[in-house]
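> Mind having a look at this structure? Questions to follow.
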Amino acid sequence: MRNIVLARVDDRLIHGEVVTAWTPSLSANRIVIVDDQVAADKFNKRVLMALAPQGTKVAVLSVEGATKALQKPDPGNERVIVLTKTPIVFEQLLDGGVEIKEVCLGGMGIRGDRKPFINNVSASPDEVDSIRRMKNEKGVHVYYQLVPEQKVVDISNLLPGIPIKPSYPVIPSDDN
């Protein structure tokens, strides 16, 4: 299994925070973007690959392709950041057998039926259900953290609807 050092949901995929904060702080040397639409778009793939920090390998894969690629043996010295636009993709990866212990929620903008629940994070009812299943059924720690220097905020009691059981001690948000 590949050495995943960060599994992050962020609509922007590769952008300033990933390039200047997450990649260097985690000593990441590979970024795997998992998105069926982006993987099918040659232009967007080239743009994302060009945005990566120097010396960082980038792969833009479909969910199916990423499921296979992330289950391959670690070649050694590889530190992978996996980026998706929605937590639903991480649930699909988990269902496909990819081992993910934590999912970090970053910038999830308001669009469609997404409703805001903390800082830069909004989620649709389907995304909330996916987060609940990951936490309650799969034991994945799902949290919010904008940049590495910021404290981790457990989102268990922040999601709309029925609370989910926290997998870690709940740290109240400064917003509450």
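By convention here, the chains of the structure tokens are called A, B, ... in the order presented, each chain's residues are numbered starting at 1, and ligands are numbered starting at 1 in the order presented.
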May I have the residues within 9 Å of segment 48-64 of chain A as an mmCIF file with C-alpha atoms, in the first residue's frame, using only C-alpha atoms and disregarding those fewer than 6 positions away in the same chain?

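Final output, saved to selection_16.cif:
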```
data_model
loop_
_atom_site.group_PDB
_atom_site.id
_atom_site.type_symbol
_atom_site.label_atom_id
_atom_site.label_comp_id
_atom_site.auth_asym_id
_atom_site.auth_seq_id
_atom_site.Cartn_x
_atom_site.Cartn_y
_atom_site.Cartn_z
ATOM 1 C CA LEU A 13 -7.099 20.524 -5.710
ATOM 2 C CA ILE A 14 -3.532 21.838 -6.239
ATOM 3 C CA HIS A 15 -3.317 25.482 -5.136
ATOM 4 C CA GLY A 16 -1.271 27.773 -2.895
ATOM 5 C CA VAL A 18 -1.023 22.620 -1.007
ATOM 6 C CA VAL A 19 2.105 23.952 -2.749
ATOM 7 C CA THR A 20 3.476 26.229 -0.011
ATOM 8 C CA THR A 23 3.639 19.566 0.605
ATOM 9 C CA PRO A 24 6.747 20.932 2.368
ATOM 10 C CA ALA A 28 5.454 14.938 0.300
ATOM 11 C CA ASN A 29 6.989 13.948 -3.030
ATOM 12 C CA ARG A 30 3.874 12.722 -4.857
ATOM 13 C CA ILE A 31 0.375 14.151 -5.262
ATOM 14 C CA VAL A 32 -2.468 11.957 -6.459
ATOM 15 C CA ILE A 33 -5.590 13.805 -7.590
ATOM 16 C CA VAL A 34 -8.662 11.593 -7.712
ATOM 17 C CA ASP A 35 -11.506 12.935 -9.845
ATOM 18 C CA ASP A 36 -13.209 11.170 -12.741
ATOM 19 C CA GLN A 37 -13.999 14.386 -14.653
ATOM 20 C CA VAL A 38 -10.556 15.967 -14.259
ATOM 21 C CA ALA A 39 -8.867 12.662 -15.172
ATOM 22 C CA ALA A 40 -10.801 12.674 -18.461
ATOM 23 C CA VAL A 89 -14.487 9.964 -3.356
ATOM 24 C CA PHE A 90 -12.581 8.979 -0.209
ATOM 25 C CA GLN A 92 -15.288 5.114 -2.664
ATOM 26 C CA LEU A 93 -11.529 4.585 -2.237
ATOM 27 C CA GLY A 96 -12.299 -0.279 -2.940
#
```
> Name the residues of segment 1-175 of chain A that fall into strand (DSSP E or B) according to DSSP on the backbone, using the chain letters and numbers of this document, as a VMD selection string.
chain A and resid 4 to 9 30 to 34 57 to 61 80 to 84 102 to 105 108 115 to 118 121 to 123 141 to 144 153 to 154
> If we count only C-alpha atoms and set the cut-off at 9 Å, which residues sit around Arg12 of chain A, ignoring sequence neighbours fewer than 2 positions away in its own chain? Please answer as a PDB file with C-alpha atoms, in the first residue's frame.

```pdb
ATOM      1  CA  VAL A   9     -10.821  17.249   0.370  1.00  0.00           C
ATOM      2  CA  ASP A  10     -10.409  20.597  -1.387  1.00  0.00           C
ATOM      3  CA  ILE A  14      -3.532  21.838  -6.239  1.00  0.00           C
ATOM      4  CA  HIS A  15      -3.317  25.482  -5.136  1.00  0.00           C
ATOM      5  CA  THR A  84     -10.285  15.048  -4.024  1.00  0.00           C
ATOM      6  CA  LYS A  85     -13.122  17.550  -4.429  1.00  0.00           C
ATOM      7  CA  GLY A 107     -11.879  24.318   1.064  1.00  0.00           C
ATOM      8  CA  MET A 108     -15.292  22.933   0.160  1.00  0.00           C
TER       9      MET A 108
END
```
> Which one of A:Ser130, A:Asn136, A:Asn77, A:Gln150 sits closest to Gly106 of chain A if you count only C-alpha atoms?
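Closest to Gly106 of chain A, using only C-alpha atoms: A:Gln150.
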> What is the atom CA of Pro116 of chain A-atom CA of Asp95 of chain A distance in Å, reported with one decimal?
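Answer for the atom CA of Pro116 of chain A to atom CA of Asp95 of chain A separation: 26.5 Å.
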> List the neighbours of Ile131 of chain A out to 9 Å using only C-alpha atoms; skip same-chain residues closer than 5 positions along the sequence, and give me the result as a list in words.
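Contacts, in chain order: Pro87, Ile88, Glu91, Asp126, Asn136, Val140, Val142 and Ile164 of chain A.
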> Calculate how many Å separate atom CA of Ala66 of chain A from atom CA of Val98 of chain A, rounding to one decimal.
9.0 Å
> Given only C-alpha atoms as the basis, pick out the residue of A:Leu146, A:Arg133, A:Lys115, A:Arg79 nearest to Leu158 of chain A.
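Between A:Leu146, A:Arg133, A:Lys115, A:Arg79, the residue approaching Leu158 of chain A most closely is A:Lys115.
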> Give the alpha helix (DSSP H) residues of segment 45-174 of chain A, as assigned by DSSP on the backbone, as a ChimeraX atom specification.
/A:45-51,63-70,87-95,125-136
> Could you save those same residues with N, CA, C and O atoms as a tab-separated table (two decimals), in the first residue's frame?

```tsv
chain	number	residue	atom	x	y	z
A	45	LYS	N	-5.70	18.34	-16.66
A	45	LYS	CA	-4.62	17.51	-16.12
A	45	LYS	C	-3.28	18.20	-16.28
A	45	LYS	O	-2.48	18.27	-15.35
A	46	ARG	N	-3.03	18.77	-17.46
A	46	ARG	CA	-1.75	19.46	-17.70
A	46	ARG	C	-1.61	20.67	-16.79
A	46	ARG	O	-0.53	20.93	-16.25
A	47	VAL	N	-2.69	21.42	-16.61
A	47	VAL	CA	-2.65	22.60	-15.73
A	47	VAL	C	-2.30	22.17	-14.31
A	47	VAL	O	-1.41	22.76	-13.67
A	48	LEU	N	-2.97	21.16	-13.78
A	48	LEU	CA	-2.71	20.72	-12.42
A	48	LEU	C	-1.29	20.20	-12.26
A	48	LEU	O	-0.63	20.47	-11.24
A	49	MET	N	-0.80	19.49	-13.24
A	49	MET	CA	0.57	18.97	-13.16
A	49	MET	C	1.59	20.12	-13.15
A	49	MET	O	2.61	20.05	-12.46
A	50	ALA	N	1.28	21.19	-13.87
A	50	ALA	CA	2.19	22.35	-13.92
A	50	ALA	C	2.18	23.12	-12.60
A	50	ALA	O	3.16	23.81	-12.29
A	51	LEU	N	1.12	23.03	-11.82
A	51	LEU	CA	1.01	23.77	-10.56
A	51	LEU	C	1.76	23.11	-9.40
A	51	LEU	O	1.98	23.73	-8.38
A	63	VAL	N	-11.39	7.42	-10.04
A	63	VAL	CA	-11.53	6.68	-8.79
A	63	VAL	C	-11.03	5.25	-8.97
A	63	VAL	O	-10.28	4.73	-8.15
A	64	GLU	N	-11.42	4.63	-10.07
A	64	GLU	CA	-11.00	3.25	-10.33
A	64	GLU	C	-9.47	3.16	-10.47
A	64	GLU	O	-8.83	2.28	-9.89
A	65	GLY	N	-8.89	4.08	-11.22
A	65	GLY	CA	-7.43	4.07	-11.40
A	65	GLY	C	-6.69	4.33	-10.11
A	65	GLY	O	-5.66	3.69	-9.82
A	66	ALA	N	-7.19	5.26	-9.30
A	66	ALA	CA	-6.55	5.57	-8.03
A	66	ALA	C	-6.66	4.40	-7.05
A	66	ALA	O	-5.72	4.12	-6.30
A	67	THR	N	-7.80	3.72	-7.07
A	67	THR	CA	-7.98	2.56	-6.18
A	67	THR	C	-6.89	1.53	-6.45
A	67	THR	O	-6.27	1.01	-5.52
A	68	LYS	N	-6.63	1.27	-7.71
A	68	LYS	CA	-5.59	0.30	-8.08
A	68	LYS	C	-4.19	0.84	-7.75
A	68	LYS	O	-3.36	0.14	-7.18
A	69	ALA	N	-3.93	2.09	-8.13
A	69	ALA	CA	-2.60	2.67	-7.94
A	69	ALA	C	-2.22	2.80	-6.47
A	69	ALA	O	-1.07	2.54	-6.10
A	70	LEU	N	-3.17	3.19	-5.62
A	70	LEU	CA	-2.86	3.41	-4.21
A	70	LEU	C	-2.70	2.11	-3.43
A	70	LEU	O	-2.17	2.11	-2.32
A	87	PRO	N	-15.74	14.38	-0.13
A	87	PRO	CA	-15.47	13.23	0.74
A	87	PRO	C	-16.02	11.92	0.18
A	87	PRO	O	-15.54	10.84	0.52
A	88	ILE	N	-16.98	12.02	-0.70
A	88	ILE	CA	-17.57	10.82	-1.30
A	88	ILE	C	-16.52	10.00	-2.03
A	88	ILE	O	-16.54	8.77	-1.99
A	89	VAL	N	-15.56	10.67	-2.65
A	89	VAL	CA	-14.49	9.96	-3.36
A	89	VAL	C	-13.63	9.17	-2.37
A	89	VAL	O	-13.25	8.03	-2.64
A	90	PHE	N	-13.35	9.73	-1.20
A	90	PHE	CA	-12.58	8.98	-0.21
A	90	PHE	C	-13.36	7.76	0.28
A	90	PHE	O	-12.78	6.70	0.49
A	91	GLU	N	-14.66	7.90	0.42
A	91	GLU	CA	-15.46	6.74	0.80
A	91	GLU	C	-15.38	5.66	-0.29
A	91	GLU	O	-15.28	4.47	0.00
A	92	GLN	N	-15.42	6.07	-1.56
A	92	GLN	CA	-15.29	5.11	-2.66
A	92	GLN	C	-13.92	4.42	-2.64
A	92	GLN	O	-13.82	3.22	-2.88
A	93	LEU	N	-12.87	5.18	-2.34
A	93	LEU	CA	-11.53	4.59	-2.24
A	93	LEU	C	-11.48	3.57	-1.10
A	93	LEU	O	-10.91	2.48	-1.24
A	94	LEU	N	-12.05	3.94	0.05
A	94	LEU	CA	-12.11	3.01	1.18
A	94	LEU	C	-12.87	1.74	0.81
A	94	LEU	O	-12.43	0.63	1.11
A	95	ASP	N	-14.01	1.91	0.15
A	95	ASP	CA	-14.81	0.75	-0.26
A	95	ASP	C	-14.05	-0.13	-1.24
A	95	ASP	O	-14.28	-1.34	-1.31
A	125	PRO	N	-26.08	17.11	1.62
A	125	PRO	CA	-26.58	15.99	2.44
A	125	PRO	C	-25.87	14.67	2.12
A	125	PRO	O	-25.57	13.91	3.03
A	126	ASP	N	-25.58	14.42	0.84
A	126	ASP	CA	-24.87	13.18	0.48
A	126	ASP	C	-23.45	13.17	1.04
A	126	ASP	O	-22.95	12.13	1.47
A	127	GLU	N	-22.79	14.34	1.04
A	127	GLU	CA	-21.43	14.42	1.60
A	127	GLU	C	-21.46	14.23	3.11
A	127	GLU	O	-20.58	13.56	3.68
A	128	VAL	N	-22.45	14.82	3.78
A	128	VAL	CA	-22.60	14.63	5.23
A	128	VAL	C	-22.80	13.15	5.54
A	128	VAL	O	-22.16	12.60	6.45
A	129	ASP	N	-23.65	12.48	4.79
A	129	ASP	CA	-23.88	11.04	4.99
A	129	ASP	C	-22.59	10.26	4.77
A	129	ASP	O	-22.29	9.33	5.53
A	130	SER	N	-21.82	10.64	3.77
A	130	SER	CA	-20.55	9.97	3.49
A	130	SER	C	-19.57	10.15	4.65
A	130	SER	O	-18.91	9.19	5.07
A	131	ILE	N	-19.48	11.37	5.17
A	131	ILE	CA	-18.60	11.63	6.31
A	131	ILE	C	-19.04	10.80	7.51
A	131	ILE	O	-18.20	10.18	8.20
A	132	ARG	N	-20.33	10.74	7.76
A	132	ARG	CA	-20.84	9.94	8.88
A	132	ARG	C	-20.46	8.46	8.72
A	132	ARG	O	-20.05	7.82	9.68
A	133	ARG	N	-20.64	7.93	7.51
A	133	ARG	CA	-20.31	6.52	7.28
A	133	ARG	C	-18.81	6.29	7.47
A	133	ARG	O	-18.41	5.29	8.07
A	134	MET	N	-17.99	7.20	6.96
A	134	MET	CA	-16.54	7.03	7.12
A	134	MET	C	-16.18	7.01	8.60
A	134	MET	O	-15.37	6.19	9.04
A	135	LYS	N	-16.76	7.93	9.37
A	135	LYS	CA	-16.44	8.01	10.80
A	135	LYS	C	-17.04	6.84	11.59
A	135	LYS	O	-16.34	6.17	12.33
A	136	ASN	N	-18.34	6.62	11.42
A	136	ASN	CA	-19.04	5.66	12.27
A	136	ASN	C	-18.86	4.21	11.85
A	136	ASN	O	-18.81	3.33	12.70
```
> I want to know what sits within 9 Å of Glu102 of chain A, based on only C-alpha atoms, with residues of the same chain fewer than 3 positions away left out; could you give that as a ChimeraX atom specification?
/A:6-8,139-143
> Those residues you just picked out, can you put them in a file as a PDB file, in the first residue's frame with N, CA, C and O atoms?

```pdb
ATOM      1  N   LEU A   6      -1.343  12.424   3.647  1.00  0.00           N
ATOM      2  CA  LEU A   6      -2.473  13.339   3.780  1.00  0.00           C
ATOM      3  C   LEU A   6      -3.546  12.959   2.763  1.00  0.00           C
ATOM      4  O   LEU A   6      -3.253  12.801   1.577  1.00  0.00           O
ATOM      5  N   ALA A   7      -4.769  12.808   3.248  1.00  0.00           N
ATOM      6  CA  ALA A   7      -5.943  12.619   2.392  1.00  0.00           C
ATOM      7  C   ALA A   7      -6.793  13.863   2.620  1.00  0.00           C
ATOM      8  O   ALA A   7      -7.324  14.062   3.713  1.00  0.00           O
ATOM      9  N   ARG A   8      -6.901  14.712   1.598  1.00  0.00           N
ATOM     10  CA  ARG A   8      -7.516  16.030   1.785  1.00  0.00           C
ATOM     11  C   ARG A   8      -8.612  16.287   0.759  1.00  0.00           C
ATOM     12  O   ARG A   8      -8.436  16.045  -0.432  1.00  0.00           O
ATOM     13  N   GLY A 139     -14.379   3.936  10.804  1.00  0.00           N
ATOM     14  CA  GLY A 139     -13.399   4.365  11.800  1.00  0.00           C
ATOM     15  C   GLY A 139     -12.396   5.402  11.327  1.00  0.00           C
ATOM     16  O   GLY A 139     -11.301   5.512  11.870  1.00  0.00           O
ATOM     17  N   VAL A 140     -12.765   6.181  10.306  1.00  0.00           N
ATOM     18  CA  VAL A 140     -11.870   7.200   9.765  1.00  0.00           C
ATOM     19  C   VAL A 140     -12.041   8.490  10.569  1.00  0.00           C
ATOM     20  O   VAL A 140     -13.163   8.912  10.851  1.00  0.00           O
ATOM     21  N   HIS A 141     -10.935   9.098  10.942  1.00  0.00           N
ATOM     22  CA  HIS A 141     -10.966  10.392  11.639  1.00  0.00           C
ATOM     23  C   HIS A 141     -11.126  11.476  10.574  1.00  0.00           C
ATOM     24  O   HIS A 141     -10.247  11.658   9.732  1.00  0.00           O
ATOM     25  N   VAL A 142     -12.252  12.178  10.573  1.00  0.00           N
ATOM     26  CA  VAL A 142     -12.512  13.257   9.624  1.00  0.00           C
ATOM     27  C   VAL A 142     -12.471  14.558  10.413  1.00  0.00           C
ATOM     28  O   VAL A 142     -13.143  14.693  11.432  1.00  0.00           O
ATOM     29  N   TYR A 143     -11.667  15.497   9.931  1.00  0.00           N
ATOM     30  CA  TYR A 143     -11.463  16.748  10.656  1.00  0.00           C
ATOM     31  C   TYR A 143     -11.276  17.901   9.684  1.00  0.00           C
ATOM     32  O   TYR A 143     -11.113  17.698   8.481  1.00  0.00           O
TER      33      TYR A 143
END
```
> Of the residues A:Ser124, A:Pro148, A:Glu99, A:Ser25, which is the one nearest to Arg111 of chain A, using only C-alpha atoms?
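For Arg111 of chain A, the nearest of the candidates is A:Ser124.
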> To one decimal in Å, tell me the separation between atom CA of Gly112 of chain A and atom CA of Thr86 of chain A.
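Taking atom CA of Gly112 of chain A as the start and atom CA of Thr86 of chain A as the end point, the length is 12.7 Å.
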> Please list as a ChimeraX atom specification every residue within 9 Å of Gln145 of chain A, counting only C-alpha atoms and excluding residues in the same chain fewer than 5 positions away.
/A:104-106,150-153
> Pick out the closest residue to Pro75 of chain A from this set: A:Ser122, A:Asn44, A:Asn3, A:Asn157. Count only C-alpha atoms.
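Nearest to Pro75 of chain A: A:Asn3.
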